[in-house]
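One structure below.
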Amino acid sequence: MLHDEDTEGVDVDGVRACTAALFALAGVCSASPERNRQQREQLQDMQQAVAYLRCMMHRAESPASAKVVPSALLPARPALPVNDDTSGPGHLCVAGPRHDNDKADIVQIQVAPTRGEIAAARPPWLPRNDPRAFHHLEAGTCARHIDTQFRLTREDMVRPLIAGVQTLILARLDTLLERPGCRRLVRGVYSGAVLRAEGDGEASDIFVYRDVRLERACHGGGGFAIAVSFAQLPRLEAARKHERREFWERSSRRLQRGSIALLWAVYPVDAGGQPRLEPCTIVQRDPDELQEDRPRITVHPCSSVRDFAELFLSGTELILLTTNSGYFEAYGPVLEALKLLSHEGVPLDKCIVGGATAVEPPRYLREQKLDWSPLLSGATEQHLAGVGEAEFPLQYLQCNTSMDTSQLEALRACLTREMALVQGPPGTGKTYVGVQLMKLLIANRGVVPLPILCVCYTNHALDQFLCDLMANGITGLVRVGGRSKTPALDRCNLSEIVRAARGGVEFKHNRFLWHSATVQMEALETVMQSALSAAPTLDEEHPRFEDVSFVADEEFQEEFGCTVRDQDCDSNSDEDREDIENDEGGWTVVHNESPRAKWKRWLKGDTRPSRGTGPRYASALWQWPLDQRRRVVANWVREVREQKLCEFAAVARNYTAACTGRTEVEDDDRLRVLRGATVVGMTTTGAAKHQGLVRALSPRIIVCEEAGEVLEAHMLACLGGGAQHVVLIGDHLQLRPKCELYTLAADSGRGYNLDVSLFERLVMAGGGVPHATLRTQRRMLPAVADLARGTLYPQLEDPTCVAYPPVAGMPCSVWFCTHVELEDGASDGCRTEELHSHSNKHEARMAVGLARYLLQQGAYDRNEVTIITPYVGQLLALRTELKHCKTHVVVGERDEDDIAKYAGDQEAIAKEEQEEQPDAAAVTTAPLNGQVRLVSVDNFQGEESTTVILSLVRSNAQHRIGFLRSPNRTNVLLSRARHGLFIFGNAQCLRQSHDHMWNSVLDILEAKGAVSDYIPLRCARHPETEVKVHDPGDFGRLAYNGGCTQVCGFRLRCGHACERLCHPVIAEHDAYPCGKPCTRMANCGLHPCRRLCGERCGSCLEPVTVTLGCGHTQTVPCHEARHPASIKCQVKVKVHFAGCGHIAEITCHASRASDLRCEQHCGHMFECGHVCPKLCWECCTAATHGPCS
């Protein structure tokens, strides 16, 4: 086998002959239908040899120029059924290109998927991310490395949608056309627009939106776009607008801005018999427009505008297909940047691609001295020193700064290496080192080229880093992106700064250019709308003559055309007009028949020139057979449609040019602001979206926080330009970057390793780029840190001067509660709810019970108790349990997105929340003392919590542990807690999985005696009382109030002992009054208080006897006896009414009333024999009784 260095002196003709012979032999072998495994492997090796020999032959012929083998070198190819990653891309493939977007040069590859690519039956060519693997480009070159990153990153973007369409649409096209609704039950939630595709270990949801219509051409996403509408979802058709809006706001994964979509014309097919599929990107999603009867979004065509608009003129139903992944807005600019880098090269390529072991100092710091006083405590004078290995003032900084030795060594590495790598284990102060580095560089701005680009993976990390810089007195910060949750950074937002600066004189010319471009865009929008309105949906069989008249022959014009006003043809009816002969409206009537009626008869095959008694003349057109007429008319329709489409496309190109001009003006304004900044902060997604700004700014210094979580393609895109100094701060042993396809991840074992970051690749390369490691952690209790120290960080040190308080209500700080309860669905061999994720209801109830117990201790504020799980399915189960527990729930924004993705379109969640509305109200009216934070492990890197509860979920007979097999995730799980870590899981399942890290963790915990089938609790009020909780019900029986089953006994302020069931929160005593009798004297000073101890004494209630003015005596409370005149005598006395003679017994105080009246019945007998029913006083005041009523 030839090697790269053996290309000199190669007999090219001999190699060509050998290649042709091998190719022919491979074709003969592949034609055999029966091959065993050994023969198939030999055939693959033969094809690999063919591809390798072609590459070697091309390098021998032109070693200095070409890197890609041209198709001219390839002999004619028979179709080979075998297609693997050793065949090469494009024309290098033994069986030929796989589709129209399969190219050997990535510059020629369209970033968005093409129609041929979507319909391709053969899998794409994906190179392994390994320098030893086969590749069509020369090993060790930037071009090869960029090519690999481009193809893998693009595959991660487009494959979910392509695979879903191929599985659900192309493979089942006939079935779907018979069932246009595509309705089915998915995950137990009825939805008219969700289909699920599964295969090769991957699964994706395809969202279907029907009856898509073109609304208008408009501006969107910084350029030309088209507003489209679609039929409202079935369940929302009868809903009110505010209910629709709430649904679309909850369903953030539906029609996500920046995602890829496909527009599918159901019935027309292309020349290959495949359905028409046009890719586009969603550039605008407004809930106000989605709440209408026909929801609207704005899309940008990925293919030509002409092809995209042609679909809307096809006269068939259009369907929009989207998925919940494939974020084009983040991927697209990165891929375009990689195309440029493939020819321009990568800065610092010796380190990034070559893996140089000797890294030079940054160019701008060579032979320079820095002022170190910004790092010194209370320094008032400059302290100048060099940054070289020998000049670095290590001992001086150790004595005068708060940085430890490993942090100072990391700082020295950052200043002495143009590619600096700093590994920071959990809690070792990675961010602190980054802040100190930025302080030093910015303070020496005379030497250091500004601005410095700071890149972080998450908005939270970026906000925290920028706030730390502000707290250290650094000004001139600019944050790019609008998703900051920190109000202090609002004034640093790029958009706000640009808006305020545009009124200045230096922006006057740009304001004029922007206004001119806007006026031009508005004018072109009107023209485009007119063009669309003038291009009706033409019927190839029965078009109107006026729609095709301008392409028809003169003979047709004379026979069917209008003679005066063509524009009035549409205003007349298709019926004959008897009174139009004398009309001057523009019609030329022959025997009282309109031209349109004649045209319709001609289309139907009529041979009579006129319906009258005889023709005025006989044209040969009426003798044409029907099939000839239809062919001619169909050609006219196609010609007219093509002209209209070309006119629209031309206007769209002009509109795009105007949009580009306005965007350039806006970018110029932004660039002016950024060039005047000291620090520019972006997330990795923001840097991808603003690739043009990053390349134009061309920062010399780039600092990346959490570099281990950033995809290498994103990092390389940020380096485009003139980067001279790159500082990557992270930890490759914590979370890796996220990729959509598990098959591309390192854990899949397939060798693609897309989720291996640039940081990890450089650190793990044997004898590669040197890196500094921080060693002293200041976050975790030593018992918690032992789990990380005994598995991944043997050199991790604990601080000597930090005290950690015990966990309230617990006898220990670290515990593993093992169980044998199977995960949901494991008993019948099914996955959890047939979804992507897993859940374990037993663990969910145990974790929530422990969280509630910890909050009842009264020692923790909001967010100090956190439940972490590796599965989004368990995240949803935990959230449901917490709602039932009437506990405040705090779920992060990224976790809400994951829950939305997991639960599809969130209709199930919406239904769940409606059903649980009473519990939701209880959460707000009766919260516990603190709030529980609920988070998945993938969204908690870089953060910490006082007490952490882990739910590991996996428990099955097959001992499968899934995500837990990843040491990176396990590391993050075990290193987030400061004071306490409590784990719920199946220890036996973890043991039997033979995972090395979990076996080591269990060994450490068992050595401490911290593994058992229960969780121990210790009463804070009665420390001698410990209980063992084996199941969720034990929390309510053994520690209902957060204490134990004994009486509280706490001495209250009144001196009595609390008789409630034990509860640890002292403040609760003020809310519950003492139930013992009061021992205080009443306010009269004569009698003891007769109320309960917890009640206010108030007025004296002691009974006393008082003689009233009437002479009677009465017993009243003491406080009333002080005012005898106000006491109403209740003694009964007899009163004689003189007018009627009645005698009544009433109270003494009532007998003295001035308006005393007889309340007895009258008793008068009427002549009819009836008795008067009125009261006595009523009859006495009347003159007569009157008649009987």
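Residue numbering restarts at 1 for every chain of the structure tokens, chains are lettered A, B, ... in their displayed order, and ligands are numbered from 1 as they appear.
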
Can you list every residue in segment 199-375 of chain A that DSSP puts in helix (DSSP H, G or I), as a PyMOL selection string? chain A and resi 234-236+241-250+287-290+305-312+328-344+349-352+363-365+373-375

Would you kindly return, as a PyMOL selection string, each protein, DNA or RNA residue with an atom no farther than 10 Å from any atom of segment 1138-1145 of chain A, considering only C-alpha atoms and excluding same-chain residues fewer than 3 positions away? chain A and resi 1131-1135+1148+1151+1158-1162+1176-1177+1179-1180

Requested write-out: N, CA and C atoms of the selected residues, as a tab-separated table (two decimals), in the first residue's frame:
chain	number	residue	atom	x	y	z
A	1131	VAL	N	-84.45	41.55	83.68
A	1131	VAL	CA	-85.46	40.96	84.56
A	1131	VAL	C	-86.84	41.11	83.91
A	1132	LYS	N	-87.67	40.03	83.95
A	1132	LYS	CA	-88.99	40.04	83.36
A	1132	LYS	C	-90.00	40.74	84.30
A	1133	VAL	N	-90.82	41.65	83.79
A	1133	VAL	CA	-91.87	42.35	84.55
A	1133	VAL	C	-93.16	42.30	83.75
A	1134	LYS	N	-94.33	42.45	84.47
A	1134	LYS	CA	-95.63	42.44	83.82
A	1134	LYS	C	-96.10	43.86	83.56
A	1135	VAL	N	-96.66	44.09	82.37
A	1135	VAL	CA	-97.12	45.41	81.93
A	1135	VAL	C	-98.57	45.30	81.50
A	1148	CYS	N	-87.30	44.31	81.79
A	1148	CYS	CA	-87.44	45.58	82.51
A	1148	CYS	C	-87.04	46.76	81.65
A	1151	SER	N	-89.70	47.66	79.14
A	1151	SER	CA	-90.97	48.23	79.65
A	1151	SER	C	-90.89	49.73	79.79
A	1158	CYS	N	-98.55	46.88	72.31
A	1158	CYS	CA	-99.05	45.54	72.62
A	1158	CYS	C	-98.82	44.66	71.40
A	1159	GLU	N	-98.11	43.57	71.61
A	1159	GLU	CA	-97.72	42.71	70.51
A	1159	GLU	C	-98.59	41.45	70.44
A	1160	GLN	N	-99.69	41.37	71.28
A	1160	GLN	CA	-100.55	40.20	71.23
A	1160	GLN	C	-101.50	40.30	70.05
A	1161	HIS	N	-102.14	39.14	69.68
A	1161	HIS	CA	-103.09	39.14	68.58
A	1161	HIS	C	-104.40	39.82	69.02
A	1162	CYS	N	-105.06	40.43	68.07
A	1162	CYS	CA	-106.26	41.21	68.35
A	1162	CYS	C	-107.39	40.34	68.94
A	1176	CYS	N	-102.52	43.45	68.12
A	1176	CYS	CA	-103.42	44.32	68.88
A	1176	CYS	C	-103.17	45.79	68.57
A	1177	TRP	N	-101.90	46.21	68.54
A	1177	TRP	CA	-101.60	47.64	68.36
A	1177	TRP	C	-102.02	48.13	66.99
A	1179	CYS	N	-104.79	47.12	65.37
A	1179	CYS	CA	-106.24	47.34	65.39
A	1179	CYS	C	-106.61	48.54	66.27
A	1180	CYS	N	-105.83	48.76	67.33
A	1180	CYS	CA	-106.12	49.89	68.22
A	1180	CYS	C	-105.91	51.22	67.52

Non-local contacts of Ile118 of chain A (9 Å; only C-alpha atoms; under 5 positions in same chain excluded) as a count of residues only: 8

Test item: residues at most 10 Å from segment 522-526 of chain A, only C-alpha atoms, excluding those fewer than 4 positions along its chain, as a list in words: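 My reading of the contact set: Arg216, Ala217, Cys218, His219, Phe224, Ala517, Thr518, Ser530, Ala531, Leu532, Val651, Ala652, Asn654, Tyr655, Thr656 and Ala658 of chain A.
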
Please compute the atom CA of Glu367 of chain A-atom CA of Pro451 of chain A distance, one decimal, in Å.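 One can read the atom CA of Glu367 of chain A to atom CA of Pro451 of chain A distance as 21.3 Å.
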
Atom CA of Pro967 of chain A to atom CA of Met997 of chain A, straight-line distance in Å: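 Going from atom CA of Met997 of chain A over to atom CA of Pro967 of chain A, I get 6.6 Å.
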
Find the spatial neighbours of segment 411-426 of chain A, counting only C-alpha atoms, within a cut-off of 8 Å - ignore same-chain residues fewer than 3 positions away - and output them as a VMD selection string. chain A and resid 348 351 359 to 363 365 387 to 389 392 407 to 408 429 to 430 433 437 724 to 733 759 763 770 to 775 777 779 793 796 942 975 to 976

Taking only segment 398-476 of chain A into account, list the residues labelled strand (DSSP E) by DSSP (computed from the backbone), as an NGL selection string. :A and (419-423 or 452-456)

So which residues touch Val478 of chain A within 6 Å, counting only C-alpha atoms, skipping near sequence neighbours fewer than 4 positions away, as a PyMOL selection string? chain A and resi 492-494+680

Please identify all polymer residues within 7 Å of Leu952 of chain A, counting only C-alpha atoms, omitting same-chain residues fewer than 3 positions from it, and present them as a list in words. Thr869, Pro870, Phe984 and Gly985 of chain A

File of the preceding selection, C-alpha atoms, as a JSON list (two decimals), in the first residue's frame:
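Okay, part-v8.json is ready:
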[["chain", "number", "residue", "atom", "x", "y", "z"],
["A", 869, "THR", "CA", -31.90, 14.19, 37.01],
["A", 870, "PRO", "CA", -30.29, 13.04, 33.75],
["A", 984, "PHE", "CA", -31.74, 7.87, 44.82],
["A", 985, "GLY", "CA", -30.94, 4.98, 42.49]]
